$ cat entry28.pdb   # PDB, C-alpha atoms
ATOM      1  CA  ASN A1046     -13.872  -7.954   8.605
ATOM      2  CA  ILE A1047     -12.236 -11.273   9.393
ATOM      3  CA  ASP A1048     -10.415 -11.913  12.663
ATOM      4  CA  SER A1049      -8.561 -15.004  11.466
ATOM      5  CA  LEU A1050      -6.908 -16.231   8.262
ATOM      6  CA  ASP A1051      -7.849 -19.838   9.018
ATOM      7  CA  ASN A1052     -10.673 -20.072   6.473
ATOM      8  CA  LEU A1053      -9.025 -18.026   3.731
ATOM      9  CA  SER A1054      -8.649 -21.088   1.507
ATOM     10  CA  ASN A1055     -12.443 -21.416   1.333
ATOM     11  CA  VAL A1056     -13.230 -17.948  -0.090
ATOM     12  CA  PRO A1057     -14.179 -17.591  -3.778
ATOM     13  CA  LYS A1058     -11.465 -17.072  -6.379
ATOM     14  CA  GLY A1059     -11.054 -13.438  -7.297
ATOM     15  CA  SER A1060     -11.629 -12.270  -3.725
ATOM     16  CA  VAL A1061      -9.569  -9.393  -2.300
ATOM     17  CA  LEU A1062      -7.769  -9.616   1.036
ATOM     18  CA  VAL A1063      -6.884  -6.211   2.507
ATOM     19  CA  ALA A1064      -3.959  -6.566   4.904
ATOM     20  CA  VAL A1065      -2.588  -3.841   7.184
ATOM     21  CA  PRO A1066       0.261  -5.722   8.891
ATOM     22  CA  TYR A1067       0.754  -3.950  12.200
ATOM     23  CA  THR A1068       1.443  -7.171  14.122
ATOM     24  CA  ASP A1069       3.728 -10.013  13.082
ATOM     25  CA  TYR A1070       2.658 -13.143  11.186
ATOM     26  CA  THR A1071       3.092 -16.791  12.025
ATOM     27  CA  ASN A1072       4.487 -19.154   9.418
ATOM     28  CA  GLU A1073       1.012 -20.670   9.171
ATOM     29  CA  ASP A1074      -0.497 -17.257   8.394
ATOM     30  CA  LEU A1075       2.151 -16.593   5.749
ATOM     31  CA  ALA A1076       1.571 -19.962   4.111
ATOM     32  CA  THR A1077      -2.187 -19.299   4.063
ATOM     33  CA  ILE A1078      -1.686 -15.899   2.411
ATOM     34  CA  LYS A1079       0.643 -17.389  -0.209
ATOM     35  CA  GLY A1080      -1.892 -20.116  -0.984
ATOM     36  CA  PHE A1081      -4.630 -17.486  -1.316
ATOM     37  CA  VAL A1082      -2.656 -15.450  -3.860
ATOM     38  CA  ASP A1083      -1.275 -18.452  -5.749
ATOM     39  CA  GLY A1084      -4.829 -19.748  -6.074
ATOM     40  CA  GLY A1085      -6.148 -16.587  -7.732
ATOM     41  CA  GLY A1086      -6.834 -14.135  -4.918
ATOM     42  CA  THR A1087      -5.745 -10.518  -4.726
ATOM     43  CA  LEU A1088      -3.683  -9.422  -1.730
ATOM     44  CA  LEU A1089      -3.904  -5.668  -1.151
ATOM     45  CA  LEU A1090      -0.985  -5.090   1.214
ATOM     46  CA  MET A1091      -1.084  -1.589   2.741
ATOM     47  CA  ASP A1092       1.832  -0.801   5.030
ATOM     48  CA  ASP A1093       3.996   2.040   6.254
ATOM     49  CA  TYR A1094       5.828   1.046   9.451
ATOM     50  CA  GLY A1095       4.577  -2.486  10.085
ATOM     51  CA  TYR A1096       5.428  -6.037   9.051
ATOM     52  CA  GLY A1097       4.743  -5.811   5.327
ATOM     53  CA  ASN A1098       8.288  -6.799   4.438
ATOM     54  CA  THR A1099       7.821 -10.074   6.320
ATOM     55  CA  ILE A1100       5.064 -10.985   3.873
ATOM     56  CA  LEU A1101       7.067  -9.820   0.851
ATOM     57  CA  THR A1102      10.057 -11.903   1.920
ATOM     58  CA  TYR A1103       7.906 -14.998   2.334
ATOM     59  CA  LEU A1104       6.291 -14.452  -1.076
ATOM     60  CA  GLY A1105       9.710 -14.120  -2.699
ATOM     61  CA  VAL A1106       9.063 -10.566  -3.878
ATOM     62  CA  ALA A1107      12.041  -8.176  -4.017
ATOM     63  CA  ALA A1108      10.030  -4.999  -3.361
ATOM     64  CA  ARG A1109      10.263  -3.539   0.139
ATOM     65  CA  PHE A1110       8.611  -0.829   2.211
ATOM     66  CA  THR A1111      11.356   1.546   3.375
ATOM     67  CA  GLY A1112       9.771   2.179   6.771
ATOM     68  CA  LYS A1113      10.985   5.780   6.670
ATOM     69  CA  PRO A1114       8.640   8.801   6.552
ATOM     70  CA  LEU A1115       7.861  10.143   3.087
ATOM     71  CA  LEU A1116       7.616  13.937   3.212
ATOM     72  CA  ASP A1117       6.879  16.418   0.429
ATOM     73  CA  PRO A1118       7.389  20.134   1.121
ATOM     74  CA  ILE A1119       5.936  21.229  -2.248
ATOM     75  CA  PHE A1120       3.139  18.903  -3.356
ATOM     76  CA  ASN A1121       1.019  18.324  -0.286
ATOM     77  CA  TYR A1122      -2.271  18.997   1.484
ATOM     78  CA  LYS A1123      -1.660  21.450   4.356
ATOM     79  CA  ASN A1124       1.794  20.137   5.330
ATOM     80  CA  HIS A1125       4.659  17.908   4.206
ATOM     81  CA  TRP A1126       3.298  14.892   6.126
ATOM     82  CA  LEU A1127       0.363  14.756   3.674
ATOM     83  CA  PRO A1128       1.952  14.259   0.236
ATOM     84  CA  GLN A1129      -0.308  14.586  -2.788
ATOM     85  CA  ILE A1130       0.279  12.006  -5.506
ATOM     86  CA  THR A1131      -0.510  13.013  -9.093
ATOM     87  CA  ASP A1132       1.988  10.873 -11.031
ATOM     88  CA  LEU A1133      -0.158   7.868 -11.935
ATOM     89  CA  VAL A1134      -0.029   5.313 -14.728
ATOM     90  CA  PRO A1135      -2.594   5.850 -17.528
ATOM     91  CA  ARG A1136      -4.910   2.987 -16.524
ATOM     92  CA  VAL A1137      -5.325   4.541 -13.080
ATOM     93  CA  ARG A1138      -6.002   7.970 -14.558
ATOM     94  CA  GLN A1139      -8.527   6.451 -16.947
ATOM     95  CA  SER A1140     -10.416   5.240 -13.883
ATOM     96  CA  GLY A1141     -11.090   8.883 -13.005
ATOM     97  CA  ILE A1142      -8.299   9.216 -10.444
ATOM     98  CA  GLY A1143      -6.219  12.382 -10.584
ATOM     99  CA  THR A1144      -4.879  12.988  -7.077
ATOM    100  CA  ILE A1145      -4.264  10.752  -4.057
ATOM    101  CA  THR A1146      -3.405  12.209  -0.668
ATOM    102  CA  LEU A1147      -1.251  10.189   1.716
ATOM    103  CA  ASP A1148      -0.963  10.597   5.477
ATOM    104  CA  HIS A1149       2.328   9.850   7.283
ATOM    105  CA  ALA A1150       3.249   7.451   4.510
ATOM    106  CA  THR A1151       6.454   5.700   3.539
ATOM    107  CA  ALA A1152       7.761   4.652   0.112
ATOM    108  CA  MET A1153       8.899   1.484  -1.643
ATOM    109  CA  THR A1154      12.169   0.283  -3.110
ATOM    110  CA  ASN A1155      13.182  -2.567  -5.448
ATOM    111  CA  VAL A1156       9.961  -2.381  -7.453
ATOM    112  CA  LYS A1157      10.513  -3.871 -10.905
ATOM    113  CA  PRO A1158      10.024  -1.461 -13.818
ATOM    114  CA  GLY A1159       6.504  -1.714 -15.192
ATOM    115  CA  MET A1160       4.995  -2.749 -11.871
ATOM    116  CA  GLU A1161       4.651   0.815 -10.527
ATOM    117  CA  ILE A1162       1.238   2.483 -10.575
ATOM    118  CA  ALA A1163       1.883   5.670  -8.541
ATOM    119  CA  TRP A1164       4.859   7.841  -7.584
ATOM    120  CA  ALA A1165       5.492  10.659  -5.110
ATOM    121  CA  SER A1166       6.882  13.827  -6.673
ATOM    122  CA  GLY A1167      10.519  14.685  -7.315
ATOM    123  CA  ALA A1168      10.287  17.172  -4.440
ATOM    124  CA  SER A1169       9.582  14.422  -1.900
ATOM    125  CA  PHE A1170      12.233  12.889   0.349
ATOM    126  CA  LEU A1171      12.701  10.158   2.920
ATOM    127  CA  ASP A1172      13.236  11.544   6.409
ATOM    128  CA  MET A1173      15.906   9.067   7.475
ATOM    129  CA  ASN A1174      16.737  10.742  10.798
ATOM    130  CA  GLY A1175      13.160  11.682  11.733
ATOM    131  CA  ASN A1176      13.762  15.404  12.207
ATOM    132  CA  GLY A1177      10.986  16.468   9.814
ATOM    133  CA  SER A1178      13.231  18.265   7.332
ATOM    134  CA  TRP A1179      15.519  17.331   4.469
ATOM    135  CA  ASP A1180      19.197  16.881   5.276
ATOM    136  CA  GLU A1181      22.065  16.351   2.882
ATOM    137  CA  GLY A1182      22.331  12.711   1.931
ATOM    138  CA  GLU A1183      18.674  11.840   2.501
ATOM    139  CA  PRO A1184      17.068  10.206  -0.566
ATOM    140  CA  THR A1185      14.909  12.392  -2.779
ATOM    141  CA  GLY A1186      12.008  11.472  -5.059
ATOM    142  CA  PRO A1187      10.301  10.456  -7.108
ATOM    143  CA  PHE A1188       9.440   7.342  -5.068
ATOM    144  CA  VAL A1189       7.082   4.472  -5.816
ATOM    145  CA  VAL A1190       4.068   4.524  -3.481
ATOM    146  CA  ALA A1191       1.847   1.915  -5.182
ATOM    147  CA  ALA A1192       2.556  -1.123  -7.346
ATOM    148  CA  GLU A1193       0.853  -4.210  -8.785
ATOM    149  CA  PHE A1194       2.344  -7.656  -9.438
ATOM    150  CA  ARG A1195       1.063 -10.880 -10.901
ATOM    151  CA  LEU A1196       1.875 -13.682  -8.473
ATOM    152  CA  GLY A1197       0.877 -17.262  -9.217
ATOM    153  CA  LYS A1198      -2.700 -17.069 -10.460
ATOM    154  CA  GLY A1199      -3.397 -14.002  -8.347
ATOM    155  CA  THR A1200      -2.331 -10.414  -7.818
ATOM    156  CA  LEU A1201      -0.249  -8.624  -5.217
ATOM    157  CA  THR A1202      -0.987  -4.918  -4.849
ATOM    158  CA  LEU A1203       1.207  -2.749  -2.641
ATOM    159  CA  VAL A1204       0.381   0.677  -1.200
ATOM    160  CA  SER A1205       2.796   2.456   1.134
ATOM    161  CA  ASP A1206       0.092   4.054   3.273
ATOM    162  CA  PRO A1207      -2.892   2.309   4.883
ATOM    163  CA  SER A1208      -4.222   5.672   6.128
ATOM    164  CA  ILE A1209      -5.889   6.468   2.793
ATOM    165  CA  MET A1210      -8.805   4.242   3.780
ATOM    166  CA  ILE A1211      -9.518   5.719   7.225
ATOM    167  CA  ASN A1212     -12.595   7.925   7.569
ATOM    168  CA  SER A1213     -10.719  11.228   7.716
ATOM    169  CA  MET A1214      -8.744  10.459   4.533
ATOM    170  CA  LEU A1215     -11.102   8.399   2.368
ATOM    171  CA  GLY A1216     -12.972  11.484   1.183
ATOM    172  CA  ARG A1217      -9.796  13.462   0.481
ATOM    173  CA  ASP A1218      -9.187  14.097  -3.251
ATOM    174  CA  ASP A1219      -9.634  10.781  -5.121
ATOM    175  CA  ASN A1220      -8.704   8.414  -2.296
ATOM    176  CA  ASP A1221     -12.103   6.709  -2.323
ATOM    177  CA  HIS A1222     -11.942   6.107  -6.085
ATOM    178  CA  PHE A1223      -8.412   4.791  -5.689
ATOM    179  CA  MET A1224      -9.592   2.248  -3.115
ATOM    180  CA  GLU A1225     -12.348   1.204  -5.522
ATOM    181  CA  TYR A1226      -9.716   0.730  -8.225
ATOM    182  CA  LEU A1227      -7.492  -1.328  -5.928
ATOM    183  CA  THR A1228     -10.327  -3.640  -4.881
ATOM    184  CA  ASN A1229     -11.661  -4.277  -8.380
ATOM    185  CA  VAL A1230     -10.538  -7.481 -10.049
ATOM    186  CA  GLU A1231     -10.689  -7.344 -13.853
ATOM    187  CA  GLY A1232     -13.315  -4.623 -13.683
ATOM    188  CA  GLU A1233     -15.498  -6.322 -11.089
ATOM    189  CA  GLN A1234     -15.706  -5.781  -7.347
ATOM    190  CA  ASN A1235     -15.768  -9.207  -5.770
ATOM    191  CA  LYS A1236     -15.730 -10.308  -2.145
ATOM    192  CA  ILE A1237     -13.532  -8.007  -0.044
ATOM    193  CA  LEU A1238     -12.034  -9.307   3.190
ATOM    194  CA  VAL A1239     -10.308  -7.002   5.677
ATOM    195  CA  ASP A1240      -7.893  -8.830   7.961
ATOM    196  CA  SER A1241      -8.450  -7.303  11.397
ATOM    197  CA  SER A1242      -6.361  -9.960  13.123
ATOM    198  CA  HIS A1243      -3.093  -8.093  12.467
ATOM    199  CA  LEU A1244      -4.237  -4.644  13.477
ATOM    200  CA  ILE A1245      -3.185  -3.189  16.823
ATOM    201  CA  LYS A1246      -6.122  -3.458  19.181
ATOM    202  CA  ALA A1247      -7.088  -0.189  20.858
TER
END
$ encode --input "entry28.pdb" --output "structure tokens"
Amino acid sequence: NIDSLDNLSNVPKGSVLVAVPYTDYTNEDLATIKGFVDGGGTLLLMDDYGYGNTILTYLGVAARFTGKPLLDPIFNYKNHWLPQITDLVPRVRQSGIGTITLDHATAMTNVKPGMEIAWASGASFLDMNGNGSWDEGEPTGPFVVAAEFRLGKGTLTLVSDPSIMINSMLGRDDNDHFMEYLTNVEGEQNKILVDSSHLIKA
């Protein structure tokens, strides 16, 4: 855990920064993150209803988190708030990952073709009015829920649900293996930094 981004420029190349952006970023923080990725770091940005789009805008990336609940009444664990993701690109499947379970997730838009690595099912939908059920006119799946981009000399990885790494979800289906995949750089697990400075303090 790191409680400041001030020394991010001093970490080894190939390091992974896990960011859950639940509080806003200063321009200095954003510039530090951009320098980290441009210099060869991997930014694992996991967001649902936070400030992830602030980072994406600063980085000049078109992809966006929708900020609307992603529900799936068919493919889920226990209820539609826990969508199960089985549509994965081959390289993820070859890592031994078959199913990911999300928890109160959102989805992404404007992801360039070829950058997607995981999709919610065609039965999923975005609950635009927050009533917990599908209404005519609400967008339906499939939706992108994870993506990877090359950015500068580094990598930007997006996941539309940070909850997959909490204790109650990490052991669900292949969530733990998925986190291992996301934090490996070219087949090696290097230094992993978790930015706790933008989490909401209890």
$ resolve_selection --input "entry28.pdb" --expression "the PyMOL selection byres ((chain A and resi 1218) around 10)" --output "list in words"
Tyr1122, Gln1129, Ile1130, Ile1142, Gly1143, Thr1144, Ile1145, Thr1146, Met1214, Leu1215, Gly1216, Arg1217, Asp1219, Asn1220, Asp1221, His1222 and Phe1223 of chain A
$ atom_distance --input "entry28.pdb" --atom1 "atom CA of Phe1081 of chain A" --atom2 "atom CA of Leu1053 of chain A"
6.7 Å
$ resolve_selection --input "entry28.pdb" --expression "the PyMOL selection byres ((chain A and resi 1192-1200) around 6)" --output "NGL selection string"
:A and (1082-1087 or 1160-1162 or 1191 or 1201-1203)
$ residues_near_point --input "entry28.pdb" --point "(2.9, -14.1, 0.6)" --cutoff "8 Å" --atoms "all atoms listed in the file" --output "ChimeraX atom specification"
/A:1075-1076,1078-1080,1082,1100-1105
$ atom_distance --input "entry28.pdb" --atom1 "atom CA of Ile1211 of chain A" --atom2 "atom CA of Val1190 of chain A"
17.3 Å
$ residues_near_point --input "entry28.pdb" --point "(-9.9, -8.2, 2.7)" --cutoff "12 Å" --atoms "only C-alpha atoms" --output "MDAnalysis selection string"
chainID A and resid 1046:1050 1053 1056 1059:1065 1078 1081 1086:1091 1224 1227:1229 1234:1243
$ atom_distance --input "entry28.pdb" --atom1 "atom CA of Ala1165 of chain A" --atom2 "atom CA of His1125 of chain A"
11.8 Å
$ resolve_selection --input "entry28.pdb" --expression "the PyMOL selection byres ((chain A and resi 1114) around 6)" --output "PyMOL selection string"
chain A and resi 1113+1115+1150-1151+1171-1172
$ build_atoms --input "entry28.pdb" --residues "segment 1103-1114 of chain A" --atoms "all heavy atoms" --output "tab-separated table (two decimals), in the frame of the given file"
chain	number	residue	atom	x	y	z
A	1103	TYR	N	8.46	-13.65	2.43
A	1103	TYR	CA	7.91	-15.00	2.33
A	1103	TYR	C	7.40	-15.28	0.92
A	1103	TYR	O	7.54	-16.41	0.41
A	1103	TYR	CB	6.77	-15.17	3.33
A	1103	TYR	CG	6.31	-16.61	3.48
A	1103	TYR	CD1	6.88	-17.45	4.42
A	1103	TYR	CD2	5.31	-17.13	2.66
A	1103	TYR	CE1	6.48	-18.76	4.56
A	1103	TYR	CE2	4.89	-18.44	2.78
A	1103	TYR	CZ	5.47	-19.25	3.73
A	1103	TYR	OH	5.06	-20.57	3.84
A	1104	LEU	N	6.82	-14.27	0.28
A	1104	LEU	CA	6.29	-14.45	-1.08
A	1104	LEU	C	7.38	-14.45	-2.14
A	1104	LEU	O	7.10	-14.72	-3.31
A	1104	LEU	CB	5.27	-13.35	-1.39
A	1104	LEU	CG	3.99	-13.35	-0.55
A	1104	LEU	CD1	3.11	-12.16	-0.94
A	1104	LEU	CD2	3.21	-14.66	-0.72
A	1105	GLY	N	8.61	-14.13	-1.75
A	1105	GLY	CA	9.71	-14.12	-2.70
A	1105	GLY	C	9.72	-12.90	-3.60
A	1105	GLY	O	10.26	-12.94	-4.71
A	1106	VAL	N	9.13	-11.81	-3.11
A	1106	VAL	CA	9.06	-10.57	-3.88
A	1106	VAL	C	10.17	-9.63	-3.42
A	1106	VAL	O	10.38	-9.45	-2.21
A	1106	VAL	CB	7.68	-9.89	-3.69
A	1106	VAL	CG1	7.63	-8.54	-4.38
A	1106	VAL	CG2	6.59	-10.81	-4.22
A	1107	ALA	N	10.89	-9.01	-4.36
A	1107	ALA	CA	12.04	-8.18	-4.02
A	1107	ALA	C	11.65	-6.81	-3.47
A	1107	ALA	O	12.42	-6.19	-2.73
A	1107	ALA	CB	12.94	-7.99	-5.24
A	1108	ALA	N	10.47	-6.32	-3.81
A	1108	ALA	CA	10.03	-5.00	-3.36
A	1108	ALA	C	9.99	-4.94	-1.84
A	1108	ALA	O	9.72	-5.94	-1.17
A	1108	ALA	CB	8.66	-4.67	-3.94
A	1109	ARG	N	10.27	-3.75	-1.31
A	1109	ARG	CA	10.26	-3.54	0.14
A	1109	ARG	C	9.67	-2.17	0.48
A	1109	ARG	O	9.81	-1.21	-0.27
A	1109	ARG	CB	11.68	-3.60	0.72
A	1109	ARG	CG	12.35	-4.96	0.65
A	1109	ARG	CD	11.69	-5.96	1.58
A	1109	ARG	NE	12.37	-7.25	1.59
A	1109	ARG	CZ	12.08	-8.25	0.75
A	1109	ARG	NH1	11.12	-8.11	-0.14
A	1109	ARG	NH2	12.74	-9.40	0.83
A	1110	PHE	N	9.00	-2.11	1.63
A	1110	PHE	CA	8.61	-0.83	2.21
A	1110	PHE	C	9.84	-0.28	2.95
A	1110	PHE	O	10.48	-1.01	3.71
A	1110	PHE	CB	7.45	-1.01	3.19
A	1110	PHE	CG	6.19	-1.53	2.55
A	1110	PHE	CD1	5.88	-2.88	2.59
A	1110	PHE	CD2	5.31	-0.67	1.91
A	1110	PHE	CE1	4.72	-3.38	2.01
A	1110	PHE	CE2	4.15	-1.15	1.31
A	1110	PHE	CZ	3.85	-2.50	1.37
A	1111	THR	N	10.15	1.00	2.75
A	1111	THR	CA	11.36	1.55	3.38
A	1111	THR	C	11.21	1.72	4.88
A	1111	THR	O	12.19	1.68	5.61
A	1111	THR	CB	11.73	2.91	2.77
A	1111	THR	OG1	10.72	3.87	3.11
A	1111	THR	CG2	11.86	2.82	1.25
A	1112	GLY	N	9.98	1.95	5.35
A	1112	GLY	CA	9.77	2.18	6.77
A	1112	GLY	C	10.25	3.53	7.25
A	1112	GLY	O	10.33	3.77	8.47
A	1113	LYS	N	10.57	4.42	6.33
A	1113	LYS	CA	10.98	5.78	6.67
A	1113	LYS	C	9.93	6.77	6.19
A	1113	LYS	O	9.33	6.57	5.14
A	1113	LYS	CB	12.33	6.11	6.02
A	1113	LYS	CG	13.47	5.22	6.49
A	1113	LYS	CD	13.73	5.38	7.98
A	1113	LYS	CE	14.90	4.51	8.44
A	1113	LYS	NZ	15.16	4.66	9.88
A	1114	PRO	N	9.68	7.85	6.94
A	1114	PRO	CA	8.64	8.80	6.55
A	1114	PRO	C	8.90	9.44	5.19
A	1114	PRO	O	10.01	9.88	4.89
A	1114	PRO	CB	8.70	9.85	7.67
A	1114	PRO	CG	9.29	9.14	8.84
A	1114	PRO	CD	10.28	8.18	8.25
